[in-house]
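Asker: Hey, dropping query-v1.cif in here, mmCIF, C-alpha atoms and all ligand atoms:
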data_entry
loop_
_atom_site.label_atom_id
_atom_site.label_comp_id
_atom_site.auth_asym_id
_atom_site.auth_seq_id
_atom_site.Cartn_x
_atom_site.Cartn_y
_atom_site.Cartn_z
CA MET A 1 33.26 119.37 -102.55
CA ARG A 2 30.61 121.93 -102.51
CA GLY A 3 28.03 119.51 -101.15
CA SER A 4 30.34 118.14 -98.50
CA ARG A 5 31.32 121.66 -97.42
CA GLY A 6 27.65 122.62 -97.26
CA ARG A 7 26.92 119.60 -95.09
CA GLU A 8 29.88 120.45 -92.84
CA THR A 9 28.61 124.01 -92.50
CA ARG A 10 25.08 122.87 -91.72
CA ALA A 11 26.50 120.33 -89.25
CA LYS A 12 28.53 123.08 -87.53
CA GLY A 13 25.50 125.36 -87.54
CA ALA A 14 23.43 122.65 -85.88
CA ALA A 15 26.15 122.10 -83.33
CA SER A 16 26.27 125.85 -82.65
CA LYS A 17 22.49 125.96 -82.25
CA LYS A 18 22.74 123.11 -79.77
CA ASP A 19 25.51 124.87 -77.89
CA LEU A 20 23.48 128.03 -77.88
CA SER A 21 20.41 126.27 -76.58
CA GLU A 22 22.46 124.71 -73.73
CA GLU A 23 25.21 127.25 -73.03
CA GLY A 24 24.59 130.09 -75.54
CA ASP A 25 23.16 132.35 -72.81
CA LEU A 26 26.29 131.74 -70.82
CA SER A 27 28.78 132.57 -73.50
CA THR A 28 26.79 135.53 -74.86
CA THR A 29 26.26 137.18 -71.53
CA GLN A 30 29.78 136.50 -70.45
CA ASP A 31 31.00 138.42 -73.45
CA LEU A 32 28.69 141.33 -72.91
CA LYS A 33 28.23 141.68 -69.18
CA GLY A 34 29.69 139.37 -66.63
CA SER A 35 29.19 136.39 -64.49
CA VAL A 36 26.52 137.73 -62.11
CA SER A 37 23.80 138.07 -64.71
CA VAL A 38 24.80 134.82 -66.36
CA THR A 39 24.41 132.95 -63.15
CA ALA A 40 21.01 134.55 -62.66
CA THR A 41 19.91 133.41 -66.15
CA ARG A 42 21.11 129.91 -65.54
CA ARG A 43 19.46 129.76 -62.16
CA SER A 44 16.28 131.05 -63.65
CA ARG A 45 16.11 128.10 -65.94
CA ARG A 46 16.97 125.59 -63.26
CA THR A 47 14.93 126.99 -60.41
CA THR A 48 11.99 128.51 -62.27
CA PRO A 49 9.36 126.25 -60.70
CA ALA A 50 10.56 126.81 -57.12
CA ASN A 51 11.31 130.54 -56.99
CA PRO A 52 8.46 132.85 -57.95
CA LEU A 53 10.71 135.88 -58.13
CA VAL A 54 13.07 134.09 -60.49
CA LYS A 55 10.08 132.68 -62.37
CA GLU A 56 8.88 136.16 -62.95
CA VAL A 57 12.25 137.23 -64.25
CA GLY A 58 12.71 134.09 -66.25
CA SER A 59 9.23 134.03 -67.71
CA GLY A 60 8.93 137.75 -68.27
CA LEU A 61 12.14 138.26 -70.19
CA THR A 62 13.37 136.63 -73.36
CA MET A 63 17.02 135.97 -73.96
CA ASN A 64 17.30 139.09 -76.05
CA ASP A 65 15.56 141.05 -73.34
CA THR A 66 17.94 139.73 -70.73
CA ILE A 67 20.96 140.59 -72.84
CA GLN A 68 19.50 143.96 -73.62
CA THR A 69 18.75 144.63 -69.97
CA GLU A 70 22.15 143.47 -68.93
CA SER A 71 23.65 145.59 -71.67
CA SER A 72 21.68 148.54 -70.37
CA VAL A 73 22.89 147.82 -66.84
CA SER A 74 26.37 147.48 -68.18
CA LEU A 75 26.08 150.77 -70.08
CA SER A 76 24.51 152.43 -67.11
CA SER A 77 27.32 151.12 -64.94
CA ARG A 78 29.86 152.41 -67.41
CA PHE A 79 28.06 155.70 -67.54
CA MET A 80 28.13 155.89 -63.77
CA LYS A 81 31.81 155.09 -63.75
CA HIS A 82 32.34 157.76 -66.36
CA GLU A 83 30.31 160.27 -64.37
CA LYS A 84 32.22 159.33 -61.25
CA LYS A 85 35.46 159.93 -63.03
CA LYS A 86 34.13 163.24 -64.33
CA LEU A 87 32.98 164.26 -60.88
CA SER A 88 36.26 163.27 -59.37
CA HIS A 89 38.03 165.21 -62.08
CA ASN A 90 35.83 168.24 -61.46
CA GLU A 91 36.42 168.02 -57.75
CA GLU A 92 40.10 167.89 -58.40
CA ASN A 93 39.70 170.93 -60.61
CA ASP A 94 37.64 172.69 -57.92
CA ASP A 95 40.27 171.86 -55.36
CA ASP A 96 42.84 173.26 -57.71
CA LYS A 97 40.71 176.38 -58.14
CA ASP A 98 40.25 176.73 -54.38
CA GLU A 99 43.93 176.32 -53.89
CA ALA A 100 44.52 178.90 -56.57
CA VAL A 101 42.04 181.30 -54.93
CA ASN A 102 43.60 180.67 -51.53
CA GLU A 103 46.99 181.24 -52.95
CA ALA A 104 45.74 184.43 -54.61
CA SER A 105 44.11 185.50 -51.36
CA VAL A 106 47.28 184.80 -49.40
CA SER A 107 49.23 186.64 -52.03
CA SER A 108 46.74 189.53 -51.89
CA ASP A 109 46.88 189.53 -48.08
CA GLN A 110 50.62 189.54 -48.25
CA SER A 111 50.55 192.51 -50.63
CA LYS A 112 48.07 194.28 -48.31
CA LYS A 113 50.35 193.59 -45.40
CA ASP A 114 53.24 194.94 -47.41
CA SER A 115 51.27 198.05 -48.37
CA GLY A 116 50.31 198.71 -44.74
CA GLN A 117 46.51 198.23 -45.10
CA PHE A 118 46.38 195.64 -42.35
CA LYS A 119 48.35 197.87 -40.08
CA ARG A 120 45.61 200.53 -40.28
CA ARG A 121 42.82 197.99 -39.63
CA ASN A 122 44.58 196.52 -36.63
CA LYS A 123 45.13 199.99 -35.25
CA ILE A 124 41.40 200.91 -35.52
CA SER A 125 40.37 197.62 -33.91
CA ILE A 126 42.71 198.09 -30.96
CA GLU A 127 41.61 201.67 -30.43
CA TYR A 128 37.94 200.61 -30.50
CA GLU A 129 38.57 197.85 -27.98
CA ASN A 130 40.40 200.28 -25.75
CA GLU A 131 37.43 202.65 -25.96
CA LEU A 132 35.12 199.88 -24.81
CA LYS A 133 37.43 198.94 -22.00
CA LYS A 134 37.51 202.49 -20.66
CA ASP A 135 35.52 202.83 -17.47
CA LYS A 136 32.68 205.28 -17.72
CA TRP A 137 33.12 208.22 -15.41
CA GLU A 138 30.77 208.49 -12.51
CA PRO A 139 31.00 210.59 -9.36
CA PRO A 140 32.20 208.97 -6.16
CA ASN A 141 29.52 208.23 -3.56
CA TRP A 142 26.73 209.30 -5.90
CA LEU A 143 24.43 206.46 -4.86
CA GLN A 144 24.91 207.32 -1.19
CA MET A 145 24.23 211.01 -1.96
CA LEU A 146 21.10 210.10 -3.90
CA SER A 147 19.88 207.94 -1.06
CA ASN A 148 20.53 210.75 1.44
CA ILE A 149 18.67 213.31 -0.70
CA ARG A 150 15.71 210.95 -1.02
CA GLU A 151 15.73 210.60 2.74
CA MET A 152 15.83 214.41 3.21
CA ARG A 153 13.04 214.84 0.66
CA LYS A 154 10.74 212.11 1.91
CA SER A 155 8.28 214.58 3.48
CA ALA A 156 7.73 216.09 0.00
CA ASP A 157 6.80 219.50 1.37
CA ALA A 158 8.93 221.72 -0.86
CA PRO A 159 7.22 224.35 -3.05
CA VAL A 160 7.86 222.20 -6.15
CA ASP A 161 5.91 219.35 -4.60
CA ASN A 162 2.70 221.34 -4.32
CA MET A 163 3.11 224.20 -6.78
CA GLY A 164 5.33 222.83 -9.52
CA CYS A 165 4.45 223.09 -13.18
CA ASP A 166 2.65 219.75 -13.05
CA LYS A 167 0.28 221.19 -10.42
CA CYS A 168 -0.90 224.24 -12.39
CA MET A 169 -3.47 222.74 -14.78
CA ASP A 170 -7.26 222.74 -14.62
CA ASP A 171 -8.75 219.78 -12.81
CA GLU A 172 -10.88 219.09 -15.85
CA GLY A 173 -10.25 219.82 -19.46
CA THR A 174 -9.36 218.20 -22.72
CA PRO A 175 -5.87 216.70 -23.03
CA GLU A 176 -4.99 219.48 -25.51
CA ILE A 177 -5.96 222.20 -23.00
CA LEU A 178 -4.07 220.49 -20.14
CA ARG A 179 -0.95 220.23 -22.32
CA TYR A 180 -1.29 223.90 -23.32
CA GLN A 181 -1.54 224.94 -19.67
CA THR A 182 1.49 222.82 -18.79
CA LEU A 183 3.51 224.57 -21.47
CA LEU A 184 2.30 228.01 -20.30
CA SER A 185 3.20 227.32 -16.67
CA LEU A 186 6.71 226.26 -17.77
CA MET A 187 7.08 229.47 -19.79
CA LEU A 188 6.05 231.53 -16.78
CA SER A 189 8.32 229.59 -14.38
CA SER A 190 11.57 230.76 -15.95
CA GLN A 191 13.45 232.72 -13.28
CA THR A 192 10.32 232.80 -11.19
CA LYS A 193 9.52 231.02 -7.93
CA ASP A 194 7.06 228.18 -7.98
CA GLU A 195 4.72 230.03 -5.63
CA VAL A 196 4.54 233.04 -7.99
CA THR A 197 4.07 230.90 -11.09
CA HIS A 198 1.35 228.86 -9.44
CA ALA A 199 -0.58 231.96 -8.37
CA ALA A 200 -0.31 233.47 -11.88
CA MET A 201 -1.61 230.28 -13.44
CA GLN A 202 -4.57 230.26 -11.06
CA ARG A 203 -5.52 233.75 -12.25
CA LEU A 204 -5.10 232.77 -15.88
CA ARG A 205 -7.26 229.68 -15.42
CA LYS A 206 -9.97 231.79 -13.81
CA HIS A 207 -9.77 234.13 -16.78
CA GLY A 208 -9.96 231.23 -19.21
CA CYS A 209 -6.68 229.58 -20.12
CA THR A 210 -7.34 228.33 -23.64
CA ILE A 211 -5.57 229.25 -26.86
CA GLU A 212 -8.58 231.13 -28.22
CA ASN A 213 -9.17 233.11 -25.02
CA ILE A 214 -5.50 233.99 -24.53
CA LEU A 215 -5.28 235.25 -28.13
CA MET A 216 -8.40 237.40 -27.64
CA THR A 217 -7.03 238.93 -24.42
CA ASP A 218 -5.25 242.26 -24.55
CA ASP A 219 -1.52 242.16 -23.81
CA LYS A 220 -1.82 244.62 -20.96
CA VAL A 221 -4.54 242.54 -19.34
CA LEU A 222 -2.36 239.46 -19.60
CA GLU A 223 0.58 241.27 -18.03
CA ASP A 224 -1.58 242.23 -15.11
CA LEU A 225 -2.87 238.70 -14.76
CA ILE A 226 0.61 237.17 -14.53
CA HIS A 227 2.16 239.90 -12.38
CA PRO A 228 4.62 239.58 -10.46
CA VAL A 229 6.15 236.92 -12.74
CA GLY A 230 9.60 238.02 -13.89
CA PHE A 231 9.99 239.48 -17.39
CA LYS A 232 6.19 239.64 -17.76
CA LYS A 233 6.18 241.79 -20.91
CA THR A 234 8.54 239.46 -22.78
CA LYS A 235 6.68 236.39 -21.53
CA VAL A 236 3.32 237.76 -22.71
CA GLN A 237 4.79 238.25 -26.19
CA TYR A 238 6.18 234.69 -26.16
CA ILE A 239 2.82 233.32 -25.02
CA LYS A 240 0.91 235.18 -27.73
CA ARG A 241 3.27 234.11 -30.55
CA THR A 242 3.38 230.52 -29.31
CA SER A 243 -0.42 230.38 -29.10
CA ILE A 244 -0.74 231.49 -32.75
CA ILE A 245 1.69 228.75 -33.85
CA LEU A 246 -0.13 226.09 -31.83
CA ARG A 247 -3.47 227.14 -33.30
CA ASP A 248 -2.28 227.31 -36.89
CA LYS A 249 0.35 224.57 -37.08
CA TYR A 250 -0.60 222.02 -34.43
CA MET A 251 -4.41 222.26 -34.48
CA GLY A 252 -4.58 223.62 -30.94
CA ASP A 253 -2.21 221.04 -29.41
CA ILE A 254 1.47 221.31 -28.48
CA PRO A 255 4.33 219.64 -30.39
CA ASP A 256 5.36 216.19 -29.22
CA THR A 257 9.12 216.37 -29.72
CA VAL A 258 11.89 218.29 -28.02
CA GLU A 259 13.07 219.69 -31.34
CA LYS A 260 9.66 221.11 -32.29
CA LEU A 261 9.06 222.43 -28.79
CA CYS A 262 12.39 224.25 -28.92
CA GLU A 263 11.25 226.00 -32.11
CA LEU A 264 8.51 227.80 -30.13
CA PRO A 265 9.30 231.35 -28.92
CA GLY A 266 10.78 231.38 -25.40
CA VAL A 267 11.10 227.57 -25.13
CA GLY A 268 14.57 226.11 -24.48
CA PRO A 269 15.89 222.57 -23.88
CA LYS A 270 15.15 222.56 -20.13
CA MET A 271 11.54 223.57 -20.72
CA ALA A 272 11.18 221.15 -23.63
CA HIS A 273 12.41 218.11 -21.68
CA LEU A 274 10.21 218.95 -18.70
CA CYS A 275 7.24 219.53 -21.00
CA MET A 276 7.77 216.17 -22.72
CA ASN A 277 7.75 214.52 -19.32
CA CYS A 278 4.82 216.42 -17.75
CA ALA A 279 2.58 216.87 -20.81
CA TRP A 280 3.32 213.75 -22.86
CA GLY A 281 4.66 211.40 -20.17
CA VAL A 282 7.85 210.80 -22.16
CA VAL A 283 11.31 211.13 -20.59
CA THR A 284 13.61 212.63 -23.21
CA GLY A 285 16.28 214.16 -20.98
CA ILE A 286 16.99 215.77 -17.64
CA GLY A 287 15.30 219.08 -16.99
CA VAL A 288 18.14 221.14 -15.53
CA ASP A 289 17.12 224.41 -13.96
CA THR A 290 19.19 226.68 -11.74
CA HIS A 291 18.78 224.37 -8.70
CA VAL A 292 19.88 221.21 -10.52
CA HIS A 293 22.77 223.11 -12.12
CA ARG A 294 24.02 224.52 -8.82
CA ILE A 295 23.65 221.35 -6.76
CA SER A 296 25.25 219.12 -9.42
CA ASN A 297 28.34 221.32 -9.29
CA ARG A 298 28.42 221.42 -5.51
CA ILE A 299 28.15 217.69 -4.93
CA GLY A 300 30.50 216.81 -7.79
CA TRP A 301 27.98 215.18 -10.13
CA VAL A 302 29.79 216.73 -13.10
CA PRO A 303 33.35 215.72 -14.02
CA ARG A 304 34.42 219.36 -14.20
CA PRO A 305 32.66 222.63 -13.31
CA THR A 306 29.96 223.55 -15.83
CA LYS A 307 29.08 227.08 -16.85
CA ASN A 308 25.36 226.79 -17.54
CA PRO A 309 22.37 224.43 -17.10
CA GLU A 310 22.68 223.05 -20.66
CA GLU A 311 26.29 221.98 -20.04
CA THR A 312 25.20 220.40 -16.78
CA ARG A 313 22.39 218.52 -18.49
CA LYS A 314 24.78 216.98 -21.01
CA ALA A 315 27.29 216.08 -18.29
CA LEU A 316 24.61 214.45 -16.13
CA GLU A 317 23.07 212.52 -19.00
CA ASP A 318 26.53 211.09 -19.75
CA TRP A 319 26.63 208.98 -16.63
CA LEU A 320 23.32 209.09 -14.75
CA PRO A 321 21.14 206.04 -15.53
CA SER A 322 18.18 207.14 -17.66
CA ASP A 323 15.63 205.60 -15.32
CA LEU A 324 16.59 208.31 -12.80
CA TRP A 325 16.29 211.25 -15.19
CA SER A 326 12.66 211.97 -14.40
CA GLU A 327 13.13 211.72 -10.64
CA VAL A 328 16.34 213.71 -10.35
CA ASN A 329 14.84 217.05 -11.45
CA HIS A 330 12.04 216.97 -8.90
CA LEU A 331 14.35 215.64 -6.20
CA LEU A 332 17.09 218.25 -6.63
CA VAL A 333 14.73 221.19 -7.16
CA GLY A 334 13.02 220.52 -3.84
CA PHE A 335 16.39 219.86 -2.17
CA GLY A 336 17.65 223.20 -3.50
CA GLN A 337 14.52 225.04 -2.30
CA GLN A 338 14.79 223.68 1.23
CA ILE A 339 18.37 222.67 2.11
CA CYS A 340 21.05 223.19 -0.52
CA ARG A 341 19.91 226.73 -1.11
CA PRO A 342 21.68 229.13 -3.49
CA VAL A 343 22.89 231.33 -0.70
CA GLY A 344 23.65 229.83 2.68
CA PRO A 345 23.11 226.09 2.14
CA HIS A 346 22.05 224.29 5.31
CA CYS A 347 25.09 222.04 5.37
CA SER A 348 24.84 221.41 9.12
CA THR A 349 21.53 219.62 8.68
CA CYS A 350 22.42 217.93 5.40
CA LEU A 351 23.00 214.18 5.42
CA ASN A 352 25.61 214.62 2.71
CA VAL A 353 27.90 216.88 4.68
CA ALA A 354 30.58 214.22 5.23
CA ILE A 355 30.86 213.27 1.56
CA CYS A 356 30.00 216.55 -0.15
CA PRO A 357 32.97 218.11 -2.02
CA TYR A 358 31.54 221.61 -1.55
CA ALA A 359 31.10 221.22 2.22
CA ASN A 360 34.61 219.80 2.58
CA SER A 361 36.41 222.19 0.28
CA PRO A 362 38.69 224.69 2.08
CA THR A 363 37.94 227.35 -0.54
CA SER A 364 34.15 227.07 -0.76
CA LYS A 365 33.59 228.06 2.89
CA PRO A 366 30.08 226.68 3.11
CA ARG A 367 27.87 227.93 5.87
CA LYS A 368 27.79 225.20 8.50
CA THR A 369 24.70 226.44 10.29
CA SER A 370 21.28 227.50 9.14
CA PRO A 371 21.30 231.10 7.95
CA THR A 372 19.69 233.60 10.28
CA LYS A 373 17.78 236.49 8.84
CA SER A 374 19.31 239.84 9.57
CA PRO A 375 16.87 242.18 11.31
CA ARG A 376 15.17 244.48 8.84
CA LYS A 377 15.61 248.16 9.14
CA LYS A 378 12.44 249.91 10.11
S1 LIG A 401 26.53 219.57 2.39
FE1 LIG A 401 25.87 221.60 1.90
S2 LIG A 401 26.55 222.02 -0.15
FE2 LIG A 401 26.69 219.81 0.19
S3 LIG A 401 24.75 219.03 -0.55
FE3 LIG A 401 24.49 219.37 1.58
S4 LIG A 401 23.66 221.41 1.72
FE4 LIG A 401 24.49 221.19 -0.34
#
Would you mind writing the structure in this file as structure tokens?
Ligand code: SF4

Answerer:
Amino acid sequence: MRGSRGRETRAKGAASKKDLSEEGDLSTTQDLKGSVSVTATRRSRRTTPANPLVKEVGSGLTMNDTIQTESSVSLSSRFMKHEKKKLSHNEENDDDKDEAVNEASVSSDQSKKDSGQFKRRNKISIEYENELKKDKWEPPNWLQMLSNIREMRKSADAPVDNMGCDKCMDDEGTPEILRYQTLLSLMLSSQTKDEVTHAAMQRLRKHGCTIENILMTDDKVLEDLIHPVGFKKTKVQYIKRTSIILRDKYMGDIPDTVEKLCELPGVGPKMAHLCMNCAWGVVTGIGVDTHVHRISNRIGWVPRPTKNPEETRKALEDWLPSDLWSEVNHLLVGFGQQICRPVGPHCSTCLNVAICPYANSPTSKPRKTSPTKSPRKK
């Protein structure tokens, strides 16, 4: 029995080996992988001589290698499937999270709405938009008035055109000296006619208008030099104190900002803005003197009457385009010296008479003809 069983077993084993040699690759790979790789293995055996690519695969890999490779592919495929599932699961989770966050956000928004927070935001936004929509105030006919004033000033023969503060410096000199002289002429010009200021500056220049020389000069001598400038005693004190500060704090030059200029004795905003323009070539604001202040009120270039030049400056800067700031001082000062004079404006010869609020106001009673000088008593 034993011998016959052993023979049977050996016979079966031989049969299995035969099967394996003919179809073993088929059955084995079918169990482990699938039909695609099996077909490839079969083809490789049948078509090895004709197909070099298959030959390479067939000759390079043993059966075990093929199974192993296919197993690896199979595992890799399973791994990919697993990863896909994981990814899909994660995405689902993320979606859930997003939904949860959105729900929380909606819930939070709802609670904010309930608590009135959104109401306040909406209110601010609407107010801001309304502010932007508001039209900026500007005087009626201002462009026509400006054009008319330019036309009336085209001869440029007013005192400011030839004797203004920008005409008082030495012809030659260092930039520091020229800036110092510009500042001094502005300090002298306060409540003083351009002709008087210009003459005083000529005498000072002849004397030697530098910081060192001014500081070495006796106060009384300086007063005599600038006479008949108004408030000469006070102005000499301002000039002396300013000169000490410039020497000690600014190394003989003048400050280059409106704020620092305003810190100097006797220097206010009007002087500072004009100085920035004339001495440094920088437009920082409108220089509003008594002429600009008066004319701006007469022709309605301020929304409501202003009490002083500083108020007028702020009102003008609110609406006047900044590229006109430098021009408007010179233009209006000359216009005020020649036509729109403080007393007795020459409305009859003014091109603005038809559109000027002052000329057409029943209460202002502007003089319609050029003023005539009353004969002096002998
Ligand atoms: S009309 Fe008279 S008040 Fe008006 S701008 Fe001319 S001069 Fe001045």

Asker: What are the closest atom pairs, with distances in Å to one decimal, for all residues of chain A lying within 8 Å of ligand LIG 401 (chain A)? Consider only C-alpha atoms and all ligand atoms, order rows by chain and residue number, and present the result as a tab-separated table.

Answerer:
residue	atom	partner	partner_atom	distance
A:Ile295	CA	A:LIG401	FE4	6.5
A:Arg298	CA	A:LIG401	S2	5.7
A:Ile299	CA	A:LIG401	S3	5.7
A:Gly336	CA	A:LIG401	FE4	7.8
A:Ile339	CA	A:LIG401	S4	5.5
A:Cys340	CA	A:LIG401	S4	3.9
A:Arg341	CA	A:LIG401	S4	7.1
A:Pro345	CA	A:LIG401	S4	4.7
A:His346	CA	A:LIG401	S4	4.9
A:Cys347	CA	A:LIG401	FE1	3.6
A:Ser348	CA	A:LIG401	S1	7.2
A:Thr349	CA	A:LIG401	S4	7.5
A:Cys350	CA	A:LIG401	FE3	4.6
A:Leu351	CA	A:LIG401	FE3	6.6
A:Asn352	CA	A:LIG401	FE3	5.0
A:Val353	CA	A:LIG401	S1	3.8
A:Ala354	CA	A:LIG401	S1	7.3
A:Ile355	CA	A:LIG401	S1	7.7
A:Cys356	CA	A:LIG401	FE2	4.7
A:Pro357	CA	A:LIG401	FE2	6.9
A:Tyr358	CA	A:LIG401	S2	5.2
A:Ala359	CA	A:LIG401	S1	4.9
A:Pro366	CA	A:LIG401	S2	6.7
A:Arg367	CA	A:LIG401	FE1	7.7
A:Lys368	CA	A:LIG401	FE1	7.8

Asker: Using all atoms listed in the file, which of the listed residues (A:Ser243, A:Gln202, A:Thr257, A:Asn277) sits closest to Trp325 of chain A?

Answerer: A:Asn277

Asker: Find the spatial neighbours of Pro255 of chain A, counting only C-alpha atoms, within a cut-off of 12 Å - ignore same-chain residues fewer than 2 positions away - and output them as JSON, numbers by chain.

Answerer: {"A": [176, 179, 180, 183, 242, 243, 245, 246, 247, 249, 250, 251, 252, 253, 257, 258, 259, 260, 261, 262, 263, 264, 267, 272, 273, 275, 276, 279, 280]}

Asker: Calculate how many Å separate atom CA of His227 of chain A from atom CA of Asp194 of chain A, rounding to one decimal.

Answerer: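 Answer for the atom CA of His227 of chain A to atom CA of Asp194 of chain A separation: 13.4 Å.
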
Asker: Do you have the atom CA of Lys235 of chain A-atom CA of Gly173 of chain A distance handy?

Answerer: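 Straight-line distance from atom CA of Lys235 of chain A to atom CA of Gly173 of chain A works out to 23.8 Å.
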
Asker: Please report the interatomic distance between atom CA of Ile226 of chain A and atom CA of Thr182 of chain A in Å with one decimal.

Answerer: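 Atom CA of Thr182 of chain A lies 15.0 Å from atom CA of Ile226 of chain A.
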
Asker: Using only C-alpha atoms, what residues lie at most 10 Å away from (7.7, 221.3, 0.9) (file coordinates), given as a PDB file with C-alpha atoms, in the coordinates of the input?

Answerer:
ATOM      1  CA  ARG A 153      13.040 214.840   0.660  1.00  0.00           C
ATOM      2  CA  LYS A 154      10.740 212.110   1.910  1.00  0.00           C
ATOM      3  CA  SER A 155       8.280 214.580   3.480  1.00  0.00           C
ATOM      4  CA  ALA A 156       7.730 216.090   0.000  1.00  0.00           C
ATOM      5  CA  ASP A 157       6.800 219.500   1.370  1.00  0.00           C
ATOM      6  CA  ALA A 158       8.930 221.720  -0.860  1.00  0.00           C
ATOM      7  CA  PRO A 159       7.220 224.350  -3.050  1.00  0.00           C
ATOM      8  CA  VAL A 160       7.860 222.200  -6.150  1.00  0.00           C
ATOM      9  CA  ASP A 161       5.910 219.350  -4.600  1.00  0.00           C
ATOM     10  CA  ASN A 162       2.700 221.340  -4.320  1.00  0.00           C
ATOM     11  CA  MET A 163       3.110 224.200  -6.780  1.00  0.00           C
ATOM     12  CA  GLY A 334      13.020 220.520  -3.840  1.00  0.00           C
ATOM     13  CA  PHE A 335      16.390 219.860  -2.170  1.00  0.00           C
ATOM     14  CA  GLN A 337      14.520 225.040  -2.300  1.00  0.00           C
ATOM     15  CA  GLN A 338      14.790 223.680   1.230  1.00  0.00           C
TER      16      GLN A 338
END

Asker: Considering all atoms listed in the file, can you say which of A:Thr290, A:Ser185, A:Gln144, A:Thr174 comes closest to Ile239 of chain A?

Answerer: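 Looking at the shortest contact to Ile239 of chain A, the residue is A:Ser185.
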
Asker: Which one of A:Val328, A:Ile254, A:Met201, A:Gly268 sits closest to Val283 of chain A if you count all atoms listed in the file?

Answerer: A:Val328

Asker: Nearest to Leu332 of chain A among A:Lys136, A:Lys220, A:Lys240, A:Arg294, with distances taken over only C-alpha atoms: which residue is it?

Answerer: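 Nearest candidate to Leu332 of chain A out of A:Lys136, A:Lys220, A:Lys240, A:Arg294: A:Arg294.
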